[in-house]
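Visitor: Here you go, input.cif (mmCIF, C-alpha atoms and all ligand atoms):
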```
data_entry
loop_
_atom_site.label_atom_id
_atom_site.label_comp_id
_atom_site.auth_asym_id
_atom_site.auth_seq_id
_atom_site.Cartn_x
_atom_site.Cartn_y
_atom_site.Cartn_z
CA MET A 169 136.65 50.98 -85.90
CA LEU A 170 137.46 54.16 -87.85
CA ALA A 171 139.24 55.75 -84.91
CA ALA A 172 141.37 52.63 -84.36
CA LEU A 173 142.12 52.43 -88.07
CA PHE A 174 143.30 56.04 -88.14
CA LYS A 175 145.41 55.51 -85.07
CA MET A 176 147.22 52.55 -86.62
CA MET A 177 147.76 54.31 -89.91
CA SER A 178 148.89 57.71 -88.61
CA ASP A 179 152.54 56.56 -88.72
CA GLY A 180 152.52 57.28 -92.46
CA ARG A 181 153.77 53.74 -93.30
CA PHE A 182 152.19 51.14 -95.52
CA HIS A 183 149.89 48.61 -93.85
CA SER A 184 148.42 45.59 -95.55
CA GLY A 185 144.68 45.11 -95.40
CA GLU A 186 145.35 41.79 -93.73
CA SER A 187 147.50 43.20 -90.91
CA LEU A 188 145.04 46.02 -90.28
CA GLY A 189 142.15 43.56 -90.20
CA ARG A 190 144.01 41.25 -87.83
CA ALA A 191 144.86 44.07 -85.42
CA LEU A 192 141.32 45.40 -85.48
CA GLY A 193 139.62 42.00 -85.31
CA VAL A 194 137.73 42.45 -88.59
CA SER A 195 138.01 40.97 -92.07
CA ARG A 196 140.26 42.32 -94.80
CA ALA A 197 137.12 43.11 -96.76
CA ALA A 198 135.77 45.23 -93.90
CA VAL A 199 139.02 47.22 -93.81
CA TRP A 200 138.90 47.67 -97.58
CA LYS A 201 135.31 48.91 -97.37
CA SER A 202 136.11 51.50 -94.68
CA LEU A 203 139.14 52.77 -96.55
CA LYS A 204 137.21 52.97 -99.80
CA ARG A 205 134.48 55.02 -98.15
CA LEU A 206 137.07 57.40 -96.70
CA GLU A 207 138.72 57.73 -100.09
CA GLU A 208 135.40 58.48 -101.77
CA ASP A 209 134.88 61.24 -99.20
CA GLY A 210 138.15 62.83 -100.31
CA TYR A 211 140.54 61.40 -97.71
CA PRO A 212 144.04 61.00 -99.19
CA ILE A 213 144.71 57.25 -99.08
CA GLN A 214 147.52 55.80 -101.13
CA ARG A 215 147.19 52.19 -102.26
CA VAL A 216 150.18 50.32 -103.62
CA ARG A 217 149.93 46.75 -104.86
CA GLY A 218 151.93 44.37 -102.67
CA LYS A 219 152.49 46.99 -99.96
CA GLY A 220 149.03 47.97 -98.80
CA TYR A 221 147.57 51.29 -97.75
CA ARG A 222 149.06 54.48 -96.43
CA VAL A 223 147.84 57.89 -95.26
CA PRO A 224 149.99 61.04 -94.95
CA PRO A 225 152.16 60.98 -91.81
CA GLY A 226 150.38 62.51 -88.82
CA ALA A 227 146.98 62.23 -90.45
CA ALA A 228 145.43 61.14 -87.16
CA LEU A 229 142.03 61.93 -85.73
CA LEU A 230 141.67 64.91 -83.41
CA ASP A 231 142.83 64.21 -79.88
CA LEU A 232 142.63 66.70 -76.99
CA ASP A 233 145.53 65.06 -75.13
CA GLU A 234 147.81 65.40 -78.12
CA ILE A 235 146.75 69.03 -78.53
CA THR A 236 147.33 69.84 -74.86
CA ASN A 237 150.74 68.15 -74.83
CA ALA A 238 151.80 70.17 -77.86
CA PHE A 239 151.09 73.68 -76.55
CA PRO A 240 154.24 75.71 -77.03
CA GLY A 241 153.16 78.00 -74.13
CA LYS A 242 150.59 78.02 -71.34
CA LEU A 243 147.70 80.08 -72.67
CA GLY A 244 145.96 77.31 -74.60
CA ALA A 245 145.67 75.18 -71.48
CA GLU A 246 143.70 77.90 -69.67
CA VAL A 247 140.82 77.78 -72.12
CA GLN A 248 137.86 75.39 -71.88
CA TRP A 249 138.12 72.92 -74.78
CA GLN A 250 135.61 70.60 -76.34
CA LEU A 251 136.03 68.11 -79.14
CA LEU A 252 132.96 66.89 -81.00
CA GLY A 253 132.57 64.17 -83.62
CA THR A 254 129.85 65.72 -85.72
CA VAL A 255 128.17 69.07 -85.18
CA ASP A 256 126.13 71.42 -87.36
CA SER A 257 128.65 74.25 -86.98
CA THR A 258 131.27 74.84 -84.29
CA ASN A 259 130.39 78.57 -84.38
CA ALA A 260 126.69 77.82 -83.87
CA GLU A 261 127.54 75.37 -81.09
CA LEU A 262 129.54 77.94 -79.10
CA MET A 263 126.84 80.54 -79.69
CA LYS A 264 124.33 78.13 -78.06
CA GLN A 265 126.57 77.37 -75.10
CA LEU A 266 127.61 80.93 -74.40
CA SER A 267 126.65 82.48 -71.08
CA MET A 268 126.67 86.26 -71.34
CA ASP A 269 126.65 86.49 -67.51
CA HIS A 270 130.00 84.82 -67.12
CA PRO A 271 131.57 84.70 -70.56
CA ARG A 272 134.91 82.94 -70.69
CA PRO A 273 137.18 81.76 -73.44
CA MET A 274 136.03 78.47 -74.96
CA ILE A 275 137.16 76.45 -77.93
CA CYS A 276 135.12 73.95 -79.90
CA ILE A 277 136.67 71.71 -82.53
CA ALA A 278 134.95 69.01 -84.56
CA GLU A 279 135.79 66.20 -86.97
CA GLN A 280 132.87 67.13 -89.20
CA GLN A 281 130.29 69.89 -89.68
CA THR A 282 126.94 69.21 -91.28
CA ALA A 283 126.07 72.89 -91.74
CA GLY A 284 129.45 74.65 -91.72
CA ARG A 285 128.97 78.38 -92.21
CA GLY A 286 131.06 80.45 -94.58
CA ARG A 287 131.06 84.19 -95.18
CA ARG A 288 128.27 85.84 -97.12
CA GLY A 289 125.82 83.02 -96.42
CA ARG A 290 127.93 80.38 -98.12
CA GLU A 291 128.30 76.82 -96.94
CA TRP A 292 131.71 75.69 -95.65
CA VAL A 293 132.36 72.17 -96.92
CA SER A 294 133.41 70.16 -93.85
CA PRO A 295 134.05 66.44 -94.49
CA TYR A 296 134.93 64.02 -91.66
CA GLY A 297 138.47 63.75 -90.32
CA GLN A 298 140.19 65.80 -92.99
CA ASN A 299 140.30 69.45 -92.05
CA ILE A 300 140.32 71.86 -89.13
CA TYR A 301 136.98 73.27 -87.99
CA LEU A 302 137.64 75.38 -84.92
CA SER A 303 135.75 78.09 -83.08
CA LEU A 304 137.10 80.21 -80.26
CA ALA A 305 134.81 82.35 -78.10
CA LEU A 306 136.68 85.39 -76.77
CA PRO A 307 134.97 87.91 -74.49
CA PHE A 308 135.68 91.62 -75.07
CA SER A 309 134.54 94.69 -73.23
CA GLY A 310 134.27 98.14 -74.77
CA GLY A 311 131.92 97.19 -77.60
CA ALA A 312 132.22 95.81 -81.08
CA GLN A 313 134.38 98.72 -82.23
CA ARG A 314 137.21 97.21 -80.18
CA LEU A 315 137.08 94.27 -82.59
CA GLU A 316 138.14 96.31 -85.63
CA GLY A 317 140.87 94.40 -87.42
CA LEU A 318 140.34 91.19 -85.39
CA SER A 319 139.53 89.07 -88.41
CA LEU A 320 142.66 90.29 -90.19
CA LEU A 321 144.68 89.44 -87.10
CA VAL A 322 143.30 85.89 -87.05
CA GLY A 323 144.26 85.43 -90.71
CA LEU A 324 147.75 86.72 -90.02
CA VAL A 325 148.23 84.39 -87.05
CA LEU A 326 147.05 81.48 -89.15
CA VAL A 327 149.53 82.27 -91.93
CA GLU A 328 152.35 82.61 -89.37
CA THR A 329 151.34 79.25 -87.88
CA LEU A 330 151.49 77.63 -91.30
CA GLU A 331 154.87 79.22 -92.02
CA VAL A 332 156.44 77.78 -88.87
CA SER A 333 154.78 74.45 -89.69
CA GLY A 334 156.66 74.19 -92.99
CA PHE A 335 154.30 75.77 -95.54
CA LYS A 336 155.73 78.58 -97.62
CA GLY A 337 153.87 81.04 -99.78
CA CYS A 338 150.62 81.39 -97.84
CA ALA A 339 149.14 84.81 -98.43
CA LEU A 340 146.24 86.93 -97.21
CA LYS A 341 143.40 88.29 -99.26
CA TRP A 342 141.64 91.13 -97.50
CA PRO A 343 139.85 90.92 -95.23
CA ASN A 344 140.72 87.41 -94.10
CA ASP A 345 140.99 84.69 -96.72
CA VAL A 346 144.15 82.61 -96.58
CA LEU A 347 145.46 81.64 -100.00
CA LEU A 348 148.06 79.15 -101.08
CA ASP A 349 149.18 79.00 -104.72
CA GLY A 350 146.46 81.59 -105.40
CA ARG A 351 143.71 79.24 -104.19
CA LYS A 352 141.66 79.40 -101.02
CA LEU A 353 143.17 77.34 -98.23
CA ALA A 354 141.37 78.67 -95.18
CA GLY A 355 138.55 80.99 -94.19
CA ILE A 356 137.55 82.92 -91.11
CA LEU A 357 134.07 83.83 -89.96
CA ILE A 358 133.67 86.02 -86.88
CA GLU A 359 130.23 86.30 -85.33
CA ILE A 360 129.47 88.57 -82.40
CA ALA A 361 127.21 87.81 -79.46
CA GLY A 362 126.10 90.04 -76.60
CA ASP A 363 125.89 93.81 -76.43
CA LEU A 364 127.58 95.44 -79.40
CA THR A 365 128.07 98.63 -77.37
CA SER A 366 129.68 97.09 -74.27
CA ASP A 367 130.31 93.47 -73.22
CA CYS A 368 130.37 91.17 -76.19
CA VAL A 369 131.89 87.87 -77.23
CA ALA A 370 133.60 87.30 -80.55
CA ILE A 371 133.07 83.79 -81.89
CA ILE A 372 136.06 83.31 -84.12
CA GLY A 373 135.46 80.46 -86.57
CA VAL A 374 138.38 79.09 -88.55
CA GLY A 375 138.28 76.46 -91.25
CA VAL A 376 141.53 75.13 -92.76
CA ASN A 377 141.68 72.59 -95.58
CA VAL A 378 144.34 70.18 -94.35
CA LEU A 379 143.96 66.77 -96.01
CA MET A 380 141.05 67.39 -98.37
CA ASN A 381 141.78 65.78 -101.71
CA ASP A 382 138.36 65.49 -103.34
CA ALA A 383 138.40 66.99 -106.82
CA ASP A 384 134.59 66.80 -106.81
CA ALA A 385 134.06 68.71 -103.55
CA ALA A 386 131.10 71.05 -103.97
CA ILE A 387 133.11 74.25 -103.55
CA ASP A 388 132.31 77.15 -105.88
CA GLN A 389 135.75 78.74 -105.87
CA ALA A 390 139.33 77.67 -106.54
CA TRP A 391 140.56 75.88 -103.41
CA THR A 392 143.49 73.86 -102.16
CA SER A 393 144.62 71.99 -99.05
CA LEU A 394 147.91 71.61 -97.19
CA PHE A 395 148.10 68.03 -98.46
CA LEU A 396 147.59 69.12 -102.07
CA SER A 397 150.42 71.68 -101.76
CA ARG A 398 152.86 68.73 -101.39
CA GLN A 399 155.20 70.90 -99.34
CA GLY A 400 155.93 68.26 -96.72
CA GLY A 401 154.96 70.46 -93.75
CA VAL A 402 153.04 69.37 -90.66
CA LEU A 403 149.75 67.64 -91.57
CA ASN A 404 148.89 66.57 -88.05
CA ARG A 405 145.83 68.66 -87.21
CA ASN A 406 146.41 68.34 -83.46
CA LEU A 407 149.84 69.94 -83.72
CA LEU A 408 148.60 72.67 -86.08
CA ILE A 409 145.71 73.51 -83.74
CA ALA A 410 147.98 73.69 -80.67
CA GLU A 411 150.42 76.05 -82.41
CA PHE A 412 147.65 78.23 -83.83
CA VAL A 413 145.63 78.60 -80.63
CA GLU A 414 148.65 79.46 -78.52
CA ARG A 415 149.76 82.11 -81.02
CA LEU A 416 146.25 83.50 -81.37
CA LEU A 417 145.75 83.86 -77.61
CA GLN A 418 149.11 85.60 -77.34
CA ALA A 419 148.28 87.98 -80.19
CA ALA A 420 144.83 88.62 -78.68
CA GLN A 421 146.47 89.96 -75.52
CA VAL A 422 148.36 92.55 -77.56
CA PHE A 423 145.26 93.27 -79.65
CA ARG A 424 143.15 93.98 -76.54
CA ALA A 425 145.64 96.59 -75.42
CA GLU A 426 146.72 98.13 -78.73
CA GLY A 427 144.27 97.06 -81.42
CA PHE A 428 145.38 95.99 -84.91
CA ALA A 429 148.09 98.66 -85.40
CA PRO A 430 151.07 96.55 -84.20
CA PHE A 431 150.13 93.84 -86.73
CA ALA A 432 149.46 95.96 -89.82
CA ALA A 433 153.00 95.73 -91.25
CA ALA A 434 153.16 91.94 -90.86
CA TRP A 435 149.73 91.64 -92.50
CA GLU A 436 150.84 93.80 -95.42
CA GLU A 437 153.97 91.67 -95.98
CA ARG A 438 151.65 88.75 -96.70
CA ASP A 439 149.08 90.70 -98.70
CA ALA A 440 148.41 88.61 -101.83
CA TRP A 441 147.20 91.54 -103.95
CA TYR A 442 149.34 94.47 -102.79
CA GLY A 443 149.85 96.94 -105.65
CA LEU A 444 147.45 95.13 -107.98
CA PRO A 445 144.34 96.58 -109.66
CA VAL A 446 141.25 95.33 -107.84
CA SER A 447 137.49 95.78 -107.81
CA VAL A 448 135.75 95.98 -104.47
CA ARG A 449 132.08 95.11 -104.57
CA SER A 450 129.55 95.87 -101.90
CA GLY A 451 126.02 94.95 -102.89
CA ALA A 452 125.30 96.58 -106.23
CA THR A 453 128.20 99.06 -106.12
CA SER A 454 131.76 98.44 -107.12
CA ILE A 455 134.92 100.55 -106.75
CA ASP A 456 138.03 100.02 -108.85
CA GLY A 457 141.48 100.96 -107.68
CA VAL A 458 144.99 99.84 -106.86
CA GLU A 459 145.27 97.89 -103.62
CA LEU A 460 147.60 99.67 -101.16
CA GLY A 461 147.47 97.33 -98.18
CA VAL A 462 145.76 98.17 -94.89
CA ASP A 463 145.69 101.02 -92.38
CA ALA A 464 146.23 100.76 -88.61
CA ARG A 465 142.59 99.71 -88.10
CA GLY A 466 142.65 97.03 -90.77
CA ALA A 467 140.70 99.03 -93.37
CA LEU A 468 141.68 98.37 -97.00
CA ARG A 469 143.51 101.23 -98.72
CA LEU A 470 142.59 101.72 -102.33
CA ARG A 471 144.07 104.29 -104.75
CA THR A 472 141.24 105.35 -107.03
CA GLY A 473 140.91 108.05 -109.71
CA ASP A 474 139.46 110.29 -106.96
CA GLY A 475 142.29 109.74 -104.49
CA GLU A 476 142.76 107.22 -101.70
CA VAL A 477 139.67 105.50 -100.32
CA LEU A 478 139.46 103.43 -97.12
CA LEU A 479 137.14 100.44 -97.06
CA ASN A 480 135.97 98.75 -93.91
CA GLY A 481 135.00 95.08 -93.51
CA GLY A 482 131.46 93.91 -93.78
CA GLU A 483 129.90 92.31 -96.78
CA VAL A 484 132.36 93.40 -99.41
CA SER A 485 134.22 91.22 -101.84
CA LEU A 486 137.52 91.84 -103.50
CA ARG A 487 138.45 90.66 -106.99
CA LEU A 488 141.38 91.18 -109.29
CA GLN A 489 140.20 93.54 -112.04
CA HIS A 490 140.77 91.10 -114.90
CA ASP A 491 138.65 88.41 -113.16
CA SER A 492 134.96 88.32 -113.92
C1 LIG B 501 134.74 81.78 -95.24
O1 LIG B 501 133.73 81.68 -95.93
O2 LIG B 501 135.82 82.12 -95.73
C2 LIG B 501 134.69 81.52 -93.75
C3 LIG B 501 134.69 80.05 -93.43
C4 LIG B 501 134.67 79.75 -91.96
C5 LIG B 501 134.52 78.27 -91.67
C6 LIG B 501 134.69 77.95 -90.22
S1 LIG B 501 134.82 76.22 -89.93
C7 LIG B 501 134.67 76.47 -88.22
C8 LIG B 501 133.64 77.55 -88.02
N1 LIG B 501 132.31 76.98 -87.97
C9 LIG B 501 131.56 77.37 -89.02
O3 LIG B 501 130.39 77.01 -89.21
N2 LIG B 501 132.26 78.19 -89.81
C10 LIG B 501 133.59 78.43 -89.29
#
```
Represent the structure contained in this file as structure tokens.

Guide:
Amino acid sequence: MLAALFKMMSDGRFHSGESLGRALGVSRAAVWKSLKRLEEDGYPIQRVRGKGYRVPPGAALLDLDEITNAFPGKLGAEVQWQLLGTVDSTNAELMKQLSMDHPRPMICIAEQQTAGRGRRGREWVSPYGQNIYLSLALPFSGGAQRLEGLSLLVGLVLVETLEVSGFKGCALKWPNDVLLDGRKLAGILIEIAGDLTSDCVAIIGVGVNVLMNDADAAIDQAWTSLFLSRQGGVLNRNLLIAEFVERLLQAAQVFRAEGFAPFAAAWEERDAWYGLPVSVRSGATSIDGVELGVDARGALRLRTGDGEVLLNGGEVSLRLQHDS
């Protein structure tokens, strides 16, 4: 019933509970109950007396046909896709399915994750039908060192995707958080399987808050969603996924041949904290300095009292100096 309800409402127009119930063969009360549950989960439903209910235009469920039809190029169609309703984590799922004998590009997307993984052991809040939870398995040869800068590249491609989809002002926080209005909009978690010195597979996990509207979501940092930005860009997750995957696969071809260097300038243009005083923490140590963007390998450049320091990825966290 939920899928049919979403389908009917994805036109962005008002529907009365009665007309929805009639079309779905259920009572008005049953429609009301389903919509109320969705709303309580943080789904943006607008209710207007005398008009009925409405969801943001394009706020449909995930649909592989719609994604495939929307590819701007051909690369996305060459990858093996799977769409799941509920899964623990799309990253974990691809990790399980991976064959290291014949690794090939695979994509897993889901409507909901019950154990979404964030960086540094955090949970990634993943409610049903609202956001993008996508993992892409990409085989690489030449060892994990060939992956230097990959997570920055993924962040950059995501910001570029959002820009062409009508969202202005998205920015990157090193190494790979995507911010909008200074709040976290999307996160990237790359896990590596296989032999770190030769053939390996990067599982690139991307979570984007698209429709999430739940002020009570259990998220321990300032966050936002594309819906909350009220910019009027594309909110249809199928179209966003198609655009993003095609761009990412294209960029990955360049990255395989040339590494991160060709992307460094574009990354820096979208660097949220360029020129600002920051603290970089790694475990118990912390270095203060002025953020100077990134080098050709994606390392963070920091001007400290002792000269310029380069910081590589890993378990470090970056804060503005005046934040606690
Ligand atoms: C972060 O903490 O910033 C990274 C969040 C990454 C979340 C995505 S959602 C799809 C994929 N599956 C997961 O379990 N995590 C990543």

Visitor: Nearest residue to A:Glu414 out of A:Ser309, A:Asn259, A:Thr329, A:Gln389, using only C-alpha atoms?

Guide: A:Thr329

Visitor: Distance table requested - chain A against ligand LIG 501 (chain B), cut-off 7 Å, all atoms listed in the file: one row per qualifying residue with the closest atom pair and its distance in Å to one decimal, ordered by chain and rising residue number, as JSON lines.

Guide:
```
{"residue": "A:Ser257", "atom": "CA", "partner": "B:LIG501", "partner_atom": "O3", "distance": 4.0}
{"residue": "A:Thr258", "atom": "CA", "partner": "B:LIG501", "partner_atom": "N1", "distance": 4.4}
{"residue": "A:Asn259", "atom": "CA", "partner": "B:LIG501", "partner_atom": "N1", "distance": 4.4}
{"residue": "A:Ala260", "atom": "CA", "partner": "B:LIG501", "partner_atom": "O3", "distance": 6.5}
{"residue": "A:Ala283", "atom": "CA", "partner": "B:LIG501", "partner_atom": "O3", "distance": 6.5}
{"residue": "A:Gly284", "atom": "CA", "partner": "B:LIG501", "partner_atom": "O3", "distance": 3.6}
{"residue": "A:Arg285", "atom": "CA", "partner": "B:LIG501", "partner_atom": "O3", "distance": 3.6}
{"residue": "A:Gly286", "atom": "CA", "partner": "B:LIG501", "partner_atom": "O1", "distance": 3.2}
{"residue": "A:Arg287", "atom": "CA", "partner": "B:LIG501", "partner_atom": "O1", "distance": 3.7}
{"residue": "A:Arg288", "atom": "CA", "partner": "B:LIG501", "partner_atom": "O1", "distance": 7.0}
{"residue": "A:Arg290", "atom": "CA", "partner": "B:LIG501", "partner_atom": "O1", "distance": 6.3}
{"residue": "A:Trp292", "atom": "CA", "partner": "B:LIG501", "partner_atom": "C5", "distance": 5.5}
{"residue": "A:Tyr301", "atom": "CA", "partner": "B:LIG501", "partner_atom": "C7", "distance": 4.0}
{"residue": "A:Leu302", "atom": "CA", "partner": "B:LIG501", "partner_atom": "C7", "distance": 4.6}
{"residue": "A:Ser303", "atom": "CA", "partner": "B:LIG501", "partner_atom": "C8", "distance": 5.4}
{"residue": "A:Asp345", "atom": "CA", "partner": "B:LIG501", "partner_atom": "O2", "distance": 5.9}
{"residue": "A:Ala354", "atom": "CA", "partner": "B:LIG501", "partner_atom": "O2", "distance": 6.6}
{"residue": "A:Gly355", "atom": "CA", "partner": "B:LIG501", "partner_atom": "O2", "distance": 3.3}
{"residue": "A:Ile356", "atom": "CA", "partner": "B:LIG501", "partner_atom": "C2", "distance": 4.1}
{"residue": "A:Leu357", "atom": "CA", "partner": "B:LIG501", "partner_atom": "C2", "distance": 4.5}
{"residue": "A:Gly373", "atom": "CA", "partner": "B:LIG501", "partner_atom": "C8", "distance": 3.7}
{"residue": "A:Val374", "atom": "CA", "partner": "B:LIG501", "partner_atom": "C6", "distance": 4.2}
{"residue": "A:Gly375", "atom": "CA", "partner": "B:LIG501", "partner_atom": "S1", "distance": 3.7}
```

Visitor: Store the residues picked out above in a file with C-alpha atoms, as a PDB file, in the frame of the given file.

Guide:
```pdb
ATOM      1  CA  SER A 257     128.650  74.250 -86.980  1.00  0.00           C
ATOM      2  CA  THR A 258     131.270  74.840 -84.290  1.00  0.00           C
ATOM      3  CA  ASN A 259     130.390  78.570 -84.380  1.00  0.00           C
ATOM      4  CA  ALA A 260     126.690  77.820 -83.870  1.00  0.00           C
ATOM      5  CA  ALA A 283     126.070  72.890 -91.740  1.00  0.00           C
ATOM      6  CA  GLY A 284     129.450  74.650 -91.720  1.00  0.00           C
ATOM      7  CA  ARG A 285     128.970  78.380 -92.210  1.00  0.00           C
ATOM      8  CA  GLY A 286     131.060  80.450 -94.580  1.00  0.00           C
ATOM      9  CA  ARG A 287     131.060  84.190 -95.180  1.00  0.00           C
ATOM     10  CA  ARG A 288     128.270  85.840 -97.120  1.00  0.00           C
ATOM     11  CA  ARG A 290     127.930  80.380 -98.120  1.00  0.00           C
ATOM     12  CA  TRP A 292     131.710  75.690 -95.650  1.00  0.00           C
ATOM     13  CA  TYR A 301     136.980  73.270 -87.990  1.00  0.00           C
ATOM     14  CA  LEU A 302     137.640  75.380 -84.920  1.00  0.00           C
ATOM     15  CA  SER A 303     135.750  78.090 -83.080  1.00  0.00           C
ATOM     16  CA  ASP A 345     140.990  84.690 -96.720  1.00  0.00           C
ATOM     17  CA  ALA A 354     141.370  78.670 -95.180  1.00  0.00           C
ATOM     18  CA  GLY A 355     138.550  80.990 -94.190  1.00  0.00           C
ATOM     19  CA  ILE A 356     137.550  82.920 -91.110  1.00  0.00           C
ATOM     20  CA  LEU A 357     134.070  83.830 -89.960  1.00  0.00           C
ATOM     21  CA  GLY A 373     135.460  80.460 -86.570  1.00  0.00           C
ATOM     22  CA  VAL A 374     138.380  79.090 -88.550  1.00  0.00           C
ATOM     23  CA  GLY A 375     138.280  76.460 -91.250  1.00  0.00           C
TER      24      GLY A 375
END
```

Visitor: Quick one: residues within 7 Å of stretch 451-468 of chain A, all atoms listed in the file, excluding same-chain residues fewer than 6 positions away - as a list in words?

Guide: Glu316, Gly317, Leu320, Phe428, Ala429, Ala432, Glu436, Asp439, Trp441, Tyr442, Gly443, Leu444, Pro445, Leu478, Leu479, Asn480 and Gly481 of chain A

Visitor: Give the answer as one residue: which of A:Leu170, A:Ala339, A:Ile300, A:Ala228 has the shortest atom-to-atom distance to A:Ser202, using all atoms listed in the file?

Guide: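 The shortest atom-to-atom distance to A:Ser202 comes from A:Leu170.
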
Visitor: What is the distance, in Å and to one decimal place, between atom CA of A:Gly401 and atom CA of A:Val223?

Guide: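 Taking atom CA of A:Gly401 and atom CA of A:Val223, their separation equals 14.5 Å.
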
Visitor: May I have the residues within 6 Å of stretch 404-409 of chain A as a list in words, using all atoms listed in the file and disregarding those fewer than 4 positions away in the same chain?

Guide: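 The filter keeps Gly226, Ala227, Leu230, Ile235 and Val413 of chain A.
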
Visitor: Choose the residue, out of A:Asp179, A:Glu411, A:Phe423, A:Arg471, that has the smallest atom-to-atom separation from A:Lys242; count all atoms listed in the file.

Guide: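 Checking each candidate against A:Lys242, we get A:Glu411 as the closest.
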
Visitor: For a quick check of your reading of the model, name the residues lying within 12 Å of the coordinate (123.2, 70.6, -83.5), counting all atoms listed in the file, and write them as a ChimeraX atom specification.

Guide: /A:252-265,278,280-284

Visitor: Output C-alpha atoms of each residue in that selection to a file, as an mmCIF file, in the coordinates of the input.

Guide:
```
data_model
loop_
_atom_site.group_PDB
_atom_site.id
_atom_site.type_symbol
_atom_site.label_atom_id
_atom_site.label_comp_id
_atom_site.auth_asym_id
_atom_site.auth_seq_id
_atom_site.Cartn_x
_atom_site.Cartn_y
_atom_site.Cartn_z
ATOM 1 C CA LEU A 252 132.960 66.890 -81.000
ATOM 2 C CA GLY A 253 132.570 64.170 -83.620
ATOM 3 C CA THR A 254 129.850 65.720 -85.720
ATOM 4 C CA VAL A 255 128.170 69.070 -85.180
ATOM 5 C CA ASP A 256 126.130 71.420 -87.360
ATOM 6 C CA SER A 257 128.650 74.250 -86.980
ATOM 7 C CA THR A 258 131.270 74.840 -84.290
ATOM 8 C CA ASN A 259 130.390 78.570 -84.380
ATOM 9 C CA ALA A 260 126.690 77.820 -83.870
ATOM 10 C CA GLU A 261 127.540 75.370 -81.090
ATOM 11 C CA LEU A 262 129.540 77.940 -79.100
ATOM 12 C CA MET A 263 126.840 80.540 -79.690
ATOM 13 C CA LYS A 264 124.330 78.130 -78.060
ATOM 14 C CA GLN A 265 126.570 77.370 -75.100
ATOM 15 C CA ALA A 278 134.950 69.010 -84.560
ATOM 16 C CA GLN A 280 132.870 67.130 -89.200
ATOM 17 C CA GLN A 281 130.290 69.890 -89.680
ATOM 18 C CA THR A 282 126.940 69.210 -91.280
ATOM 19 C CA ALA A 283 126.070 72.890 -91.740
ATOM 20 C CA GLY A 284 129.450 74.650 -91.720
#
```

Visitor: Check the smallest atom-to-atom distance from each of A:Pro430, A:Gly350, A:Pro224, A:Pro295 to A:Ala385 using only C-alpha atoms, then report the winner.

Guide: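 Among the listed residues, the smallest separation from A:Ala385 belongs to A:Pro295.
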
Visitor: Edge lengths and centre in Å to one decimal, as lines of an AutoDock Vina configuration file, is what I'm after for the box along x, y and z that holds all listed atoms of stretch 348-363 of chain A once 3 Å is added on each side.

Guide:
```
center_x = 137.5
center_y = 85.6
center_z = -90.9
size_x = 29.3
size_y = 22.5
size_z = 35.0
```

Visitor: With distances taken over all atoms listed in the file, which residue among A:Ala386, A:Met176, A:Leu488, A:Leu417 lies nearest A:Lys341?

Guide: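 Smallest separation from A:Lys341 among the options: A:Leu488.
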
Visitor: Quick check, in Å to one decimal: how far apart do atom CA of A:Asp209 and atom CA of A:Ser333 lie?

Guide: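 The value is 25.7 Å.
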
Visitor: Go through A:Gly310, A:Gln421, A:Arg438, A:Cys276 one by one, measure the shortest atom-to-atom distance of each to A:Ser366 using all atoms listed in the file, and give the residue with the smallest value.

Guide: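 Closest residue, counting all atoms listed in the file: A:Gly310.
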
Visitor: Report as a PDB file with C-alpha atoms, in the frame of the given file all protein, DNA and RNA residues lying within 8 Å of A:Thr365, evaluated on all atoms listed in the file, omitting residues in the same chain fewer than 2 positions from it.

Guide:
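What landed in result_1.pdb:
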```pdb
ATOM      1  CA  GLY A 310     134.270  98.140 -74.770  1.00  0.00           C
ATOM      2  CA  GLY A 311     131.920  97.190 -77.600  1.00  0.00           C
ATOM      3  CA  ALA A 312     132.220  95.810 -81.080  1.00  0.00           C
ATOM      4  CA  GLN A 313     134.380  98.720 -82.230  1.00  0.00           C
ATOM      5  CA  ASP A 363     125.890  93.810 -76.430  1.00  0.00           C
ATOM      6  CA  ASP A 367     130.310  93.470 -73.220  1.00  0.00           C
ATOM      7  CA  CYS A 368     130.370  91.170 -76.190  1.00  0.00           C
TER       8      CYS A 368
END
```

Visitor: Which value, in Å to one decimal, gives the distance between atom CA of A:Val199 and atom CA of A:Glu279?

Guide: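 Calculated distance between atom CA of A:Val199 and atom CA of A:Glu279 is 20.4 Å.
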
Visitor: Hey, can you pull every residue with an atom no more than 7 Å from (147.1, 70.3, -98.5), using only C-alpha atoms, and send it as a list in words?

Guide: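 Residues found, by chain and rising number: Asn377, Val378, Leu379, Met380, Thr392, Ser393, Leu394, Phe395, Leu396, Ser397 and Arg398 of chain A.
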